[in-house]
$ cat upload-v5.pdb   # PDB, C-alpha atoms and all ligand atoms
ATOM      1  CA  MET I 128       0.000   0.000   0.000
ATOM      2  CA  ASN I 129       1.340   3.420  -0.933
ATOM      3  CA  ASN I 130       0.348   5.464   2.120
ATOM      4  CA  PRO I 131       0.902   9.218   1.810
ATOM      5  CA  LEU I 132       0.286   9.652   5.589
ATOM      6  CA  PRO I 133       2.479   7.098   7.427
ATOM      7  CA  GLY I 134       2.443   9.280  10.559
ATOM      8  CA  VAL I 135      -1.294   8.700  11.073
ATOM      9  CA  PRO I 136      -2.612   5.379  12.439
ATOM     10  CA  LEU I 137      -4.246   3.479   9.552
ATOM     11  CA  ILE I 138      -7.481   3.230  11.494
ATOM     12  CA  GLU I 139      -7.598   7.038  11.819
ATOM     13  CA  LEU I 140      -6.918   7.778   8.144
ATOM     14  CA  PRO I 141      -9.801   9.523   6.381
ATOM     15  CA  MET I 142      -9.306   7.011   3.553
ATOM     16  CA  PHE I 143      -9.289   3.966   5.852
ATOM     17  CA  PRO I 144     -12.349   2.349   4.196
ATOM     18  CA  THR I 145     -10.378   1.992   0.953
ATOM     19  CA  VAL I 146      -7.209   0.887   2.806
ATOM     20  CA  ALA I 147      -9.069  -1.766   4.835
ATOM     21  CA  SER I 148      -9.432  -4.172   1.925
ATOM     22  CA  THR I 149      -5.617  -4.369   1.562
ATOM     23  CA  LEU I 150      -5.005  -5.496   5.156
ATOM     24  CA  GLY I 151      -6.147  -9.117   4.924
ATOM     25  CA  LEU I 152      -8.718  -8.759   7.729
ATOM     26  CA  ASP I 153     -11.164 -11.580   8.466
ATOM     27  CA  ASP I 154     -14.865 -10.716   8.927
ATOM     28  CA  ASN I 155     -14.597 -10.119  12.661
ATOM     29  CA  GLU I 156     -11.459  -7.991  12.293
ATOM     30  CA  ALA I 157     -13.118  -5.994   9.507
ATOM     31  CA  ARG I 158     -16.083  -5.266  11.801
ATOM     32  CA  ILE I 159     -13.747  -4.168  14.610
ATOM     33  CA  ALA I 160     -11.855  -1.968  12.158
ATOM     34  CA  HIS I 161     -15.054  -0.388  10.902
ATOM     35  CA  ASP I 162     -16.310   0.349  14.437
ATOM     36  CA  LEU I 163     -12.991   1.902  15.475
ATOM     37  CA  PHE I 164     -12.835   4.039  12.363
ATOM     38  CA  ALA I 165     -16.442   5.224  12.515
ATOM     39  CA  ARG I 166     -17.140   5.379  16.264
ATOM     40  CA  GLY I 167     -13.739   5.304  18.001
ATOM     41  CA  PHE I 168     -14.350   2.060  19.893
ATOM     42  CA  ALA I 169     -14.999  -1.600  19.133
ATOM     43  CA  VAL I 170     -16.310  -4.477  21.242
ATOM     44  CA  PHE I 171     -14.980  -8.026  20.854
ATOM     45  CA  ASP I 172     -14.785 -11.315  22.722
ATOM     46  CA  PHE I 173     -11.387 -11.504  24.362
ATOM     47  CA  PRO I 174      -9.458 -14.261  22.540
ATOM     48  CA  ASP I 175      -8.075 -16.392  25.381
ATOM     49  CA  ASP I 176      -9.363 -19.919  26.099
ATOM     50  CA  GLN I 177      -7.989 -19.688  29.656
ATOM     51  CA  LEU I 178      -9.668 -16.375  30.393
ATOM     52  CA  ASP I 179     -12.141 -17.564  33.053
ATOM     53  CA  ALA I 180      -9.406 -19.264  35.062
ATOM     54  CA  ARG I 181      -7.153 -16.203  34.755
ATOM     55  CA  ILE I 182      -9.942 -13.907  35.955
ATOM     56  CA  GLU I 183     -10.609 -16.071  39.015
ATOM     57  CA  ARG I 184      -6.905 -16.165  39.935
ATOM     58  CA  ILE I 185      -6.535 -12.396  39.447
ATOM     59  CA  LYS I 186      -9.528 -11.681  41.700
ATOM     60  CA  GLN I 187      -8.176 -14.026  44.368
ATOM     61  CA  ARG I 188      -4.719 -12.455  44.325
ATOM     62  CA  LEU I 189      -5.840  -8.821  44.172
ATOM     63  CA  THR I 190      -8.735  -9.019  46.653
ATOM     64  CA  PRO I 191      -6.528  -8.838  49.800
ATOM     65  CA  GLN I 192      -4.913  -5.657  48.458
ATOM     66  CA  PHE I 193      -8.154  -3.665  48.821
ATOM     67  CA  ALA I 194      -9.532  -2.492  52.172
ATOM     68  CA  VAL I 195     -12.946  -4.013  51.455
ATOM     69  CA  ASP I 196     -14.835  -7.077  52.667
ATOM     70  CA  PHE I 197     -15.731  -8.618  49.303
ATOM     71  CA  ALA I 198     -17.293 -11.676  50.998
ATOM     72  CA  ASP I 199     -20.081  -9.571  52.551
ATOM     73  CA  PRO I 200     -22.780  -8.883  49.906
ATOM     74  CA  ALA I 201     -23.983  -5.818  51.869
ATOM     75  CA  SER I 202     -20.601  -4.112  52.326
ATOM     76  CA  ASN I 203     -19.658  -0.924  50.497
ATOM     77  CA  LYS I 204     -17.079  -2.024  47.895
ATOM     78  CA  THR I 205     -16.210   1.494  46.734
ATOM     79  CA  VAL I 206     -14.184   2.658  49.738
ATOM     80  CA  GLY I 207     -10.413   3.209  49.788
ATOM     81  CA  GLU I 208      -8.000   2.822  46.899
ATOM     82  CA  ARG I 209      -9.909   1.490  43.913
ATOM     83  CA  ARG I 210      -7.233   0.548  41.459
ATOM     84  CA  ILE I 211      -3.958  -1.282  41.182
ATOM     85  CA  GLN I 212      -1.534  -0.020  38.592
ATOM     86  CA  ASP I 213       0.913  -2.364  36.856
ATOM     87  CA  ALA I 214      -0.091  -5.565  38.640
ATOM     88  CA  TRP I 215       1.445  -7.287  35.584
ATOM     89  CA  GLN I 216       4.821  -6.922  37.292
ATOM     90  CA  GLN I 217       3.839  -9.558  39.872
ATOM     91  CA  ASP I 218       0.827 -11.250  38.317
ATOM     92  CA  GLU I 219       1.378 -13.587  35.367
ATOM     93  CA  ASP I 220      -2.328 -13.610  34.458
ATOM     94  CA  VAL I 221      -2.567  -9.804  34.318
ATOM     95  CA  ARG I 222       0.563  -9.881  32.156
ATOM     96  CA  ALA I 223      -0.850 -12.585  29.865
ATOM     97  CA  ILE I 224      -4.027 -10.571  29.279
ATOM     98  CA  ALA I 225      -1.988  -7.438  28.531
ATOM     99  CA  ALA I 226       0.362  -9.287  26.176
ATOM    100  CA  ASN I 227      -2.278 -11.383  24.378
ATOM    101  CA  GLY I 228      -0.755 -12.220  21.006
ATOM    102  CA  GLN I 229      -3.981 -12.044  19.009
ATOM    103  CA  VAL I 230      -4.804  -8.597  20.382
ATOM    104  CA  LEU I 231      -1.269  -7.379  19.619
ATOM    105  CA  ALA I 232      -1.454  -8.747  16.072
ATOM    106  CA  LEU I 233      -4.840  -7.134  15.489
ATOM    107  CA  LEU I 234      -3.750  -3.725  16.819
ATOM    108  CA  GLY I 235      -0.602  -3.897  14.710
ATOM    109  CA  LYS I 236      -2.645  -4.486  11.564
ATOM    110  CA  LEU I 237      -5.120  -1.728  12.352
ATOM    111  CA  TYR I 238      -2.535   0.920  13.237
ATOM    112  CA  GLY I 239       0.138   0.009  10.675
ATOM    113  CA  ARG I 240       2.904  -0.267  13.328
ATOM    114  CA  PRO I 241       3.651  -3.037  15.855
ATOM    115  CA  ALA I 242       1.735  -2.544  19.125
ATOM    116  CA  PHE I 243       3.043  -3.144  22.647
ATOM    117  CA  PRO I 244       1.355  -2.899  26.072
ATOM    118  CA  PHE I 245       2.976  -0.510  28.562
ATOM    119  CA  GLN I 246       0.580  -0.161  31.510
ATOM    120  CA  THR I 247      -2.134  -2.154  33.262
ATOM    121  CA  LEU I 248      -4.863  -0.991  35.639
ATOM    122  CA  ASN I 249      -7.054  -3.407  37.609
ATOM    123  CA  PHE I 250     -10.280  -2.214  39.174
ATOM    124  CA  PRO I 251     -12.609  -4.118  41.543
ATOM    125  CA  VAL I 252     -15.345  -1.446  41.272
ATOM    126  CA  GLY I 253     -16.379   1.411  38.996
ATOM    127  CA  THR I 254     -13.851   4.220  38.563
ATOM    128  CA  GLN I 255     -16.557   6.931  38.514
ATOM    129  CA  GLN I 256     -14.047   8.918  36.477
ATOM    130  CA  ASP I 257     -15.257  12.008  34.609
ATOM    131  CA  ALA I 258     -15.227  12.031  30.813
ATOM    132  CA  HIS I 259     -11.660  12.389  29.554
ATOM    133  CA  SER I 260      -9.331  11.589  26.709
ATOM    134  CA  ASP I 261      -6.322   9.492  27.738
ATOM    135  CA  SER I 262      -4.319  11.709  25.403
ATOM    136  CA  VAL I 263      -3.616  14.182  28.228
ATOM    137  CA  HIS I 264      -2.057  11.429  30.336
ATOM    138  CA  PHE I 265      -0.019   9.572  27.743
ATOM    139  CA  SER I 266       0.278  10.379  24.120
ATOM    140  CA  SER I 267       2.634   9.864  21.242
ATOM    141  CA  LEU I 268       4.265  11.936  18.555
ATOM    142  CA  PRO I 269       3.059  11.553  15.920
ATOM    143  CA  GLU I 270      -0.222  11.672  17.807
ATOM    144  CA  ARG I 271      -2.871   8.967  18.245
ATOM    145  CA  PHE I 272      -0.525   5.931  18.287
ATOM    146  CA  MET I 273      -2.032   4.824  21.613
ATOM    147  CA  CYS I 274      -5.155   2.904  22.566
ATOM    148  CA  GLY I 275      -6.802   1.283  25.556
ATOM    149  CA  VAL I 276      -8.273  -2.197  25.814
ATOM    150  CA  TRP I 277     -10.822  -2.527  28.600
ATOM    151  CA  LEU I 278     -11.810  -6.061  29.668
ATOM    152  CA  ALA I 279     -14.935  -6.954  31.677
ATOM    153  CA  MET I 280     -13.991  -9.505  34.344
ATOM    154  CA  GLU I 281     -17.648 -10.042  35.276
ATOM    155  CA  ASP I 282     -21.084  -9.140  33.869
ATOM    156  CA  ILE I 283     -21.567  -5.427  34.492
ATOM    157  CA  SER I 284     -24.948  -3.912  35.294
ATOM    158  CA  ALA I 285     -26.144  -0.322  34.985
ATOM    159  CA  ASP I 286     -25.834   0.136  38.788
ATOM    160  CA  ALA I 287     -22.185  -0.938  38.906
ATOM    161  CA  GLY I 288     -20.714   2.210  37.305
ATOM    162  CA  PRO I 289     -20.321   0.964  33.732
ATOM    163  CA  LEU I 290     -17.819   2.395  31.285
ATOM    164  CA  PHE I 291     -19.220   5.225  29.149
ATOM    165  CA  TYR I 292     -17.953   7.031  26.061
ATOM    166  CA  TYR I 293     -18.927   9.553  23.402
ATOM    167  CA  PRO I 294     -18.980   7.778  20.024
ATOM    168  CA  GLY I 295     -17.199   9.795  17.345
ATOM    169  CA  SER I 296     -15.229  11.956  19.805
ATOM    170  CA  HIS I 297     -11.996  10.226  18.691
ATOM    171  CA  ARG I 298     -12.088  12.450  15.588
ATOM    172  CA  TRP I 299     -12.143  15.706  17.522
ATOM    173  CA  PRO I 300      -8.992  17.780  17.978
ATOM    174  CA  VAL I 301      -6.670  16.408  20.643
ATOM    175  CA  VAL I 302      -6.942  19.062  23.366
ATOM    176  CA  THR I 303      -3.515  20.246  24.534
ATOM    177  CA  ASN I 304      -2.206  22.732  27.077
ATOM    178  CA  ALA I 305      -1.706  25.248  24.264
ATOM    179  CA  MET I 306      -5.367  24.936  23.343
ATOM    180  CA  ILE I 307      -6.570  25.601  26.861
ATOM    181  CA  GLY I 308      -4.013  28.384  27.381
ATOM    182  CA  ARG I 309      -1.933  26.859  30.134
ATOM    183  CA  ARG I 310       1.711  26.005  30.639
ATOM    184  CA  GLY I 311       2.273  22.373  31.504
ATOM    185  CA  TYR I 312       6.001  21.689  31.448
ATOM    186  CA  ASP I 313       7.534  21.647  34.916
ATOM    187  CA  SER I 314       4.350  23.067  36.388
ATOM    188  CA  VAL I 315       2.756  21.791  39.541
ATOM    189  CA  LEU I 316      -0.836  20.962  38.731
ATOM    190  CA  SER I 317      -3.462  19.884  41.225
ATOM    191  CA  SER I 318      -4.846  17.425  38.647
ATOM    192  CA  ALA I 319      -3.513  16.301  35.286
ATOM    193  CA  GLN I 320      -7.010  15.894  33.911
ATOM    194  CA  ASP I 321      -9.440  18.346  35.515
ATOM    195  CA  PRO I 322      -8.226  21.543  33.753
ATOM    196  CA  PHE I 323      -9.248  19.979  30.425
ATOM    197  CA  ALA I 324     -12.828  19.244  31.494
ATOM    198  CA  PRO I 325     -14.365  22.597  30.417
ATOM    199  CA  ALA I 326     -12.852  22.187  26.930
ATOM    200  CA  TRP I 327     -14.109  18.600  26.570
ATOM    201  CA  ASN I 328     -17.578  19.594  27.815
ATOM    202  CA  ALA I 329     -17.677  22.457  25.313
ATOM    203  CA  LEU I 330     -16.686  20.089  22.487
ATOM    204  CA  CYS I 331     -19.431  17.637  23.532
ATOM    205  CA  GLN I 332     -21.966  20.442  23.301
ATOM    206  CA  ALA I 333     -20.637  21.841  20.029
ATOM    207  CA  TYR I 334     -20.661  18.415  18.357
ATOM    208  CA  GLY I 335     -23.975  17.393  19.968
ATOM    209  CA  ALA I 336     -22.289  14.225  21.246
ATOM    210  CA  GLU I 337     -24.403  11.602  22.987
ATOM    211  CA  LYS I 338     -23.050   9.456  25.766
ATOM    212  CA  GLU I 339     -23.323   5.667  25.504
ATOM    213  CA  ILE I 340     -22.730   3.130  28.242
ATOM    214  CA  PHE I 341     -21.277  -0.357  27.878
ATOM    215  CA  LEU I 342     -23.189  -3.033  29.799
ATOM    216  CA  ALA I 343     -20.483  -5.593  29.217
ATOM    217  CA  ARG I 344     -20.688  -9.301  29.633
ATOM    218  CA  LYS I 345     -17.801 -11.110  31.337
ATOM    219  CA  GLY I 346     -15.070 -11.727  28.763
ATOM    220  CA  GLN I 347     -16.069  -8.893  26.449
ATOM    221  CA  ALA I 348     -13.441  -6.286  25.722
ATOM    222  CA  LEU I 349     -13.550  -2.818  24.214
ATOM    223  CA  ILE I 350     -10.772  -1.041  22.343
ATOM    224  CA  TRP I 351     -10.851   2.746  22.492
ATOM    225  CA  CYS I 352      -8.934   5.072  20.199
ATOM    226  CA  ALA I 353      -6.432   7.506  21.725
ATOM    227  CA  ASN I 354      -8.739  10.518  21.734
ATOM    228  CA  LEU I 355     -12.100   8.880  22.509
ATOM    229  CA  LEU I 356     -13.754  10.658  25.444
ATOM    230  CA  HIS I 357     -14.649   8.053  28.045
ATOM    231  CA  GLY I 358     -15.093   7.588  31.768
ATOM    232  CA  GLY I 359     -16.799   5.559  34.487
ATOM    233  CA  SER I 360     -20.482   6.157  35.320
ATOM    234  CA  VAL I 361     -21.489   6.861  38.897
ATOM    235  CA  GLN I 362     -21.780   3.555  40.744
ATOM    236  CA  THR I 363     -25.312   3.819  42.102
ATOM    237  CA  ASP I 364     -25.094   0.545  44.045
ATOM    238  CA  PRO I 365     -21.875   0.581  46.120
ATOM    239  CA  ARG I 366     -22.424  -3.035  47.197
ATOM    240  CA  LEU I 367     -21.637  -4.260  43.696
ATOM    241  CA  THR I 368     -18.254  -5.046  42.240
ATOM    242  CA  ARG I 369     -17.180  -4.149  38.699
ATOM    243  CA  TRP I 370     -13.978  -6.090  38.123
ATOM    244  CA  SER I 371     -12.148  -4.951  35.025
ATOM    245  CA  GLN I 372      -8.665  -4.641  33.584
ATOM    246  CA  VAL I 373      -7.472  -1.856  31.322
ATOM    247  CA  THR I 374      -4.301  -2.264  29.301
ATOM    248  CA  HIS I 375      -2.848   0.723  27.497
ATOM    249  CA  TYR I 376      -0.864   0.175  24.296
ATOM    250  CA  TYR I 377       1.620   2.226  22.364
ATOM    251  CA  PHE I 378       3.032   1.579  18.895
ATOM    252  CA  GLU I 379       6.632   1.369  17.680
ATOM    253  CA  ASP I 380       8.730   4.234  16.390
ATOM    254  CA  CYS I 381       7.120   7.106  18.298
ATOM    255  CA  VAL I 382       7.927   9.614  20.993
ATOM    256  CA  TYR I 383       6.037   8.727  24.196
ATOM    257  CA  TYR I 384       5.210  11.588  26.542
ATOM    258  CA  THR I 385       2.816  13.091  29.100
ATOM    259  CA  PRO I 386       0.995  16.016  27.449
ATOM    260  CA  ALA I 387      -0.470  17.392  30.711
ATOM    261  CA  PHE I 388       3.130  18.243  31.745
ATOM    262  CA  SER I 389       4.376  19.319  28.318
ATOM    263  CA  ASP I 390       4.322  22.392  26.110
ATOM    264  CA  GLU I 391       4.695  21.021  22.590
ATOM    265  CA  VAL I 392       4.740  24.535  21.121
ATOM    266  CA  ILE I 393       8.120  25.325  22.712
ATOM    267  CA  GLY I 394       9.483  21.806  22.409
ATOM    268  CA  GLN I 395       9.208  21.029  26.117
ATOM    269  CA  LEU I 396       8.090  17.429  26.386
ATOM    270  CA  GLN I 397       7.722  15.392  29.551
ATOM    271  CA  LEU I 398       9.151  12.258  27.928
ATOM    272  CA  ARG I 399       8.272   8.826  29.274
ATOM    273  CA  SER I 400      10.663   5.922  29.844
ATOM    274  CA  ILE I 401       8.653   3.138  28.353
ATOM    275  CA  ARG I 402       9.166  -0.608  28.738
ATOM    276  CA  ALA I 403       6.971  -3.055  26.826
ATOM    277  CA  ILE I 404       5.081  -5.500  29.036
ATOM    278  CA  SER I 405       5.173  -8.097  26.252
ATOM    279  CA  ASP I 406       8.965  -8.545  26.086
ATOM    280  CA  GLY I 407      10.189  -6.499  29.071
ATOM    281  CA  LYS I 408      12.431  -4.421  26.818
ATOM    282  CA  PRO I 409      12.660  -0.629  26.761
ATOM    283  CA  ARG I 410      11.168   1.305  23.886
ATOM    284  CA  PRO I 411      13.284   4.420  23.387
ATOM    285  CA  ASN I 412      11.603   7.576  22.195
ATOM    286  CA  LEU I 413      12.048   7.528  18.428
ATOM    287  CA  TYR I 414      11.271   9.975  15.664
ATOM    288  CA  LEU I 415      11.575   8.504  12.159
ATOM    289  CA  GLY I 416      13.791   5.777  13.571
ATOM    290  CA  GLU I 417      16.176   8.071  15.461
ATOM    291  CA  GLU I 418      16.341   8.423  19.216
ATOM    292  CA  VAL I 419      14.980  11.661  20.670
ATOM    293  CA  ARG I 420      16.487  13.076  23.840
ATOM    294  CA  PRO I 421      15.072  15.879  25.997
ATOM    295  CA  VAL I 422      15.976  19.333  24.707
ATOM    296  CA  GLN I 423      18.822  21.022  26.575
ATOM    297  CA  GLN I 424      17.527  22.387  29.860
ATOM    298  CA  THR I 425      18.486  25.870  30.986
ATOM    299  CA  ALA I 426      20.283  26.123  34.336
ATOM    300  CA  THR I 427      17.082  27.528  35.885
ATOM    301  CA  ASP I 428      14.956  24.682  34.500
ATOM    302  CA  ALA I 429      17.383  22.137  35.891
ATOM    303  CA  ARG I 430      17.384  23.763  39.359
ATOM    304  CA  ARG I 431      13.583  23.917  39.405
ATOM    305  CA  SER I 432      13.065  20.290  38.416
ATOM    306  CA  ARG I 433      15.628  19.133  40.998
ATOM    307  CA  SER I 434      13.624  20.767  43.793
ATOM    308  CA  PRO I 435      12.531  17.919  46.130
ATOM    309  CA  LEU I 436       9.163  19.569  46.837
ATOM    310  CA  ARG I 437       8.402  19.906  43.131
ATOM    311  CA  ARG I 438       9.374  16.270  42.531
ATOM    312  CA  LEU I 439       7.195  15.071  45.391
ATOM    313  CA  LEU I 440       4.181  17.092  44.217
ATOM    314  CA  LYS I 441       4.579  15.750  40.702
ATOM    315  CA  ARG I 442       4.733  12.170  41.925
ATOM    316  CA  MET I 443       1.490  12.713  43.861
ATOM    317  CA  ILE I 444      -0.461  13.833  40.803
ATOM    318  CA  SER I 445      -1.942  10.933  38.915
ATOM    319  CA  THR I 446      -1.333  10.565  35.208
ATOM    320  CA  ARG I 447      -2.719   7.062  35.095
ATOM    321  CA  ALA I 448      -5.917   7.764  33.090
TER
HETATM  322  O1  LIG I 501     -12.862   1.794  33.703
HETATM  323  C1  LIG I 501     -13.214   2.970  33.672
HETATM  324  O2  LIG I 501     -14.237   3.366  34.235
HETATM  325  C2  LIG I 501     -12.365   3.996  32.961
HETATM  326  C3  LIG I 501     -10.899   3.653  32.965
HETATM  327  C4  LIG I 501     -10.076   4.637  32.219
HETATM  328  O3  LIG I 501     -10.489   5.713  31.926
HETATM  329  C5  LIG I 501      -8.719   4.284  31.780
HETATM  330  O4  LIG I 501      -8.167   3.290  32.258
HETATM  331  O5  LIG I 501      -8.160   5.000  30.921
HETATM  332 FE    FE I 502      -9.075   6.736  30.576
END

$ encode --input "upload-v5.pdb" --output "structure tokens"
Amino acid sequence: MNNPLPGVPLIELPMFPTVASTLGLDDNEARIAHDLFARGFAVFDFPDDQLDARIERIKQRLTPQFAVDFADPASNKTVGERRIQDAWQQDEDVRAIAANGQVLALLGKLYGRPAFPFQTLNFPVGTQQDAHSDSVHFSSLPERFMCGVWLAMEDISADAGPLFYYPGSHRWPVVTNAMIGRRGYDSVLSSAQDPFAPAWNALCQAYGAEKEIFLARKGQALIWCANLLHGGSVQTDPRLTRWSQVTHYYFEDCVYYTPAFSDEVIGQLQLRSIRAISDGKPRPNLYLGEEVRPVQQTATDARRSRSPLRRLLKRMISTRA
């Protein structure tokens, strides 16, 4: 295929419908591709014949890490810390789900670059997270070479805080610090995500976007495109659980960075040190095959970022999406 736009994920190309027929997709893959292109998300049955056993083992191992009595049907399950980041480092089943070969192969075909998982999040209950685009937390240059795969680890009812999203929002502009008129690099922000909320809400109104919720069945998964606005509905019944795993993926040959703490306009990028979960190897920040290093800091910049208080505050602010 002669692609005039190799710096855009295939699935996000305006001409994707004509490209799709050259990719050798089977019927199910073609449906997933169509849904991602048109709506920014796609639902599929997670391709792992050991999935049920993995889910049971994950729940057993993670349960003691939450300050909740899961055995009591009447207890409030939504108290305390409600997520575990990067459980894949200790948990072989979390790792196997994140590194599923069929999912990696599919994402690679749909994006036109090899995919690799770089972060896992495990939740026992709803996140009740406001609508957001993960692109403020972790993005790539060129943009949009990132996606999330959300897996239902039980049947999820409307009262359990189901995942929601705004179909079509993946096509909207990726909102950056420059767009909302704020400096991000080396700043101390009270939240990585909240300052973007007014802009996202305004875009929802301007585009007349309508929220949809995903009442998933155990074993169903949903891929979302980098810029799809999504979040967790309010969990109206706190006695319920809503076990799920989210794996975030990047693609090869990109720069990986945290936009909430970057100012792209002046070349100040909060670069990430990325390691692929699938093979444990680092993925250097690359632009057109060449390694990218942070731009030279001024003496003042260097002093400011060495400040222990600044470092502590930055560590406390979540950029986990
Ligand atoms: O599971 C949810 O409610 C949302 C999770 C999410 O936004 C994420 O992991 O990026
Ligand atoms: Fe998210």

$ residues_near_ligand --input "upload-v5.pdb" --ligand "ligand FE 502 (chain I)" --cutoff "9 Å" --atoms "only C-alpha atoms and all ligand atoms" --output "number ranges by chain"
I: 256, 258-262, 264, 275, 355-359, 373, 447-448

$ write_last_selection --input "upload-v5.pdb" --atoms "C-alpha atoms" --output "tab-separated table (two decimals), in the frame of the given file"
chain	number	residue	atom	x	y	z
I	256	GLN	CA	-14.05	8.92	36.48
I	258	ALA	CA	-15.23	12.03	30.81
I	259	HIS	CA	-11.66	12.39	29.55
I	260	SER	CA	-9.33	11.59	26.71
I	261	ASP	CA	-6.32	9.49	27.74
I	262	SER	CA	-4.32	11.71	25.40
I	264	HIS	CA	-2.06	11.43	30.34
I	275	GLY	CA	-6.80	1.28	25.56
I	355	LEU	CA	-12.10	8.88	22.51
I	356	LEU	CA	-13.75	10.66	25.44
I	357	HIS	CA	-14.65	8.05	28.04
I	358	GLY	CA	-15.09	7.59	31.77
I	359	GLY	CA	-16.80	5.56	34.49
I	373	VAL	CA	-7.47	-1.86	31.32
I	447	ARG	CA	-2.72	7.06	35.10
I	448	ALA	CA	-5.92	7.76	33.09

$ closest_residue --input "upload-v5.pdb" --among "I:Gln255, I:Gln347, I:Ser318, I:Gln397" --to "ligand LIG 501 (chain I)" --atoms "all atoms listed in the file"
I:Gln255

$ atom_distance --input "upload-v5.pdb" --atom1 "CA of Asp286 in chain I" --atom2 "atom O4 of ligand LIG 501 (chain I)"
19.1 Å

$ residues_around --input "upload-v5.pdb" --residues "Arg410 in chain I" --least-positions-apart "3" --cutoff "8 Å" --atoms "all atoms listed in the file" --output "ChimeraX atom specification"
/I:379,400-403

$ residues_around --input "upload-v5.pdb" --residues "Ile350 in chain I" --least-positions-apart "5" --cutoff "6 Å" --atoms "only C-alpha atoms" --output "list in words"
Phe168, Ala169, Gly275 and Val276 of chain I

$ atom_distance --input "upload-v5.pdb" --atom1 "CA of Leu349 in chain I" --atom2 "CA of Pro322 in chain I"
26.7 Å

$ resolve_selection --input "upload-v5.pdb" --expression "the PyMOL selection byres (((chain I and resi 385) around 12) and not hetatm)" --output "PDB file with C-alpha atoms, in the frame of the given file"
ATOM      1  CA  ASP I 261      -6.322   9.492  27.738  1.00  0.00           C
ATOM      2  CA  SER I 262      -4.319  11.709  25.403  1.00  0.00           C
ATOM      3  CA  VAL I 263      -3.616  14.182  28.228  1.00  0.00           C
ATOM      4  CA  HIS I 264      -2.057  11.429  30.336  1.00  0.00           C
ATOM      5  CA  PHE I 265      -0.019   9.572  27.743  1.00  0.00           C
ATOM      6  CA  SER I 266       0.278  10.379  24.120  1.00  0.00           C
ATOM      7  CA  SER I 267       2.634   9.864  21.242  1.00  0.00           C
ATOM      8  CA  LEU I 268       4.265  11.936  18.555  1.00  0.00           C
ATOM      9  CA  GLU I 270      -0.222  11.672  17.807  1.00  0.00           C
ATOM     10  CA  THR I 303      -3.515  20.246  24.534  1.00  0.00           C
ATOM     11  CA  ASN I 304      -2.206  22.732  27.077  1.00  0.00           C
ATOM     12  CA  GLY I 311       2.273  22.373  31.504  1.00  0.00           C
ATOM     13  CA  TYR I 312       6.001  21.689  31.448  1.00  0.00           C
ATOM     14  CA  ASP I 313       7.534  21.647  34.916  1.00  0.00           C
ATOM     15  CA  ALA I 319      -3.513  16.301  35.286  1.00  0.00           C
ATOM     16  CA  GLN I 320      -7.010  15.894  33.911  1.00  0.00           C
ATOM     17  CA  VAL I 382       7.927   9.614  20.993  1.00  0.00           C
ATOM     18  CA  TYR I 383       6.037   8.727  24.196  1.00  0.00           C
ATOM     19  CA  TYR I 384       5.210  11.588  26.542  1.00  0.00           C
ATOM     20  CA  PRO I 386       0.995  16.016  27.449  1.00  0.00           C
ATOM     21  CA  ALA I 387      -0.470  17.392  30.711  1.00  0.00           C
ATOM     22  CA  PHE I 388       3.130  18.243  31.745  1.00  0.00           C
ATOM     23  CA  SER I 389       4.376  19.319  28.318  1.00  0.00           C
ATOM     24  CA  ASP I 390       4.322  22.392  26.110  1.00  0.00           C
ATOM     25  CA  GLU I 391       4.695  21.021  22.590  1.00  0.00           C
ATOM     26  CA  GLN I 395       9.208  21.029  26.117  1.00  0.00           C
ATOM     27  CA  LEU I 396       8.090  17.429  26.386  1.00  0.00           C
ATOM     28  CA  GLN I 397       7.722  15.392  29.551  1.00  0.00           C
ATOM     29  CA  LEU I 398       9.151  12.258  27.928  1.00  0.00           C
ATOM     30  CA  ARG I 399       8.272   8.826  29.274  1.00  0.00           C
ATOM     31  CA  SER I 400      10.663   5.922  29.844  1.00  0.00           C
ATOM     32  CA  ILE I 401       8.653   3.138  28.353  1.00  0.00           C
ATOM     33  CA  SER I 445      -1.942  10.933  38.915  1.00  0.00           C
ATOM     34  CA  THR I 446      -1.333  10.565  35.208  1.00  0.00           C
ATOM     35  CA  ARG I 447      -2.719   7.062  35.095  1.00  0.00           C
ATOM     36  CA  ALA I 448      -5.917   7.764  33.090  1.00  0.00           C
TER      37      ALA I 448
END

$ residues_around --input "upload-v5.pdb" --residues "range 196-202 of chain I" --least-positions-apart "2" --cutoff "9 Å" --atoms "all atoms listed in the file" --output "list in words"
Thr190, Pro191, Phe193, Ala194, Lys204, Pro365, Arg366, Leu367 and Thr368 of chain I

$ write_last_selection --input "upload-v5.pdb" --atoms "C-alpha atoms" --output "compact mmCIF listing (two decimals), in the frame of the given file"
# COMPACT_ATOMS: atom_id res chain seq x y z
CA THR I 190 -8.74 -9.02 46.65
CA PRO I 191 -6.53 -8.84 49.80
CA PHE I 193 -8.15 -3.66 48.82
CA ALA I 194 -9.53 -2.49 52.17
CA LYS I 204 -17.08 -2.02 47.90
CA PRO I 365 -21.88 0.58 46.12
CA ARG I 366 -22.42 -3.04 47.20
CA LEU I 367 -21.64 -4.26 43.70
CA THR I 368 -18.25 -5.05 42.24

$ axis_aligned_box --input "upload-v5.pdb" --around "ligand LIG 501 (chain I)" --padding-each-side "8 Å" --output "AutoDock Vina command-line options"
--center_x -11.2 --center_y 3.8 --center_z 32.6 --size_x 22.1 --size_y 19.9 --size_z 19.3

$ resolve_selection --input "upload-v5.pdb" --expression "the PyMOL selection byres (((chain I and resi 284) around 10) and not hetatm)" --output "list in words"
Glu281, Asp282, Ile283, Ala285, Asp286, Ala287, Gly288, Pro289, Phe341, Leu342, Ala343, Arg344, Gln362, Asp364, Leu367, Thr368 and Arg369 of chain I

$ closest_residue --input "upload-v5.pdb" --among "I:Leu178, I:Ile211, I:Leu137, I:Ala242" --to "Gln192 in chain I" --atoms "all atoms listed in the file"
I:Ile211
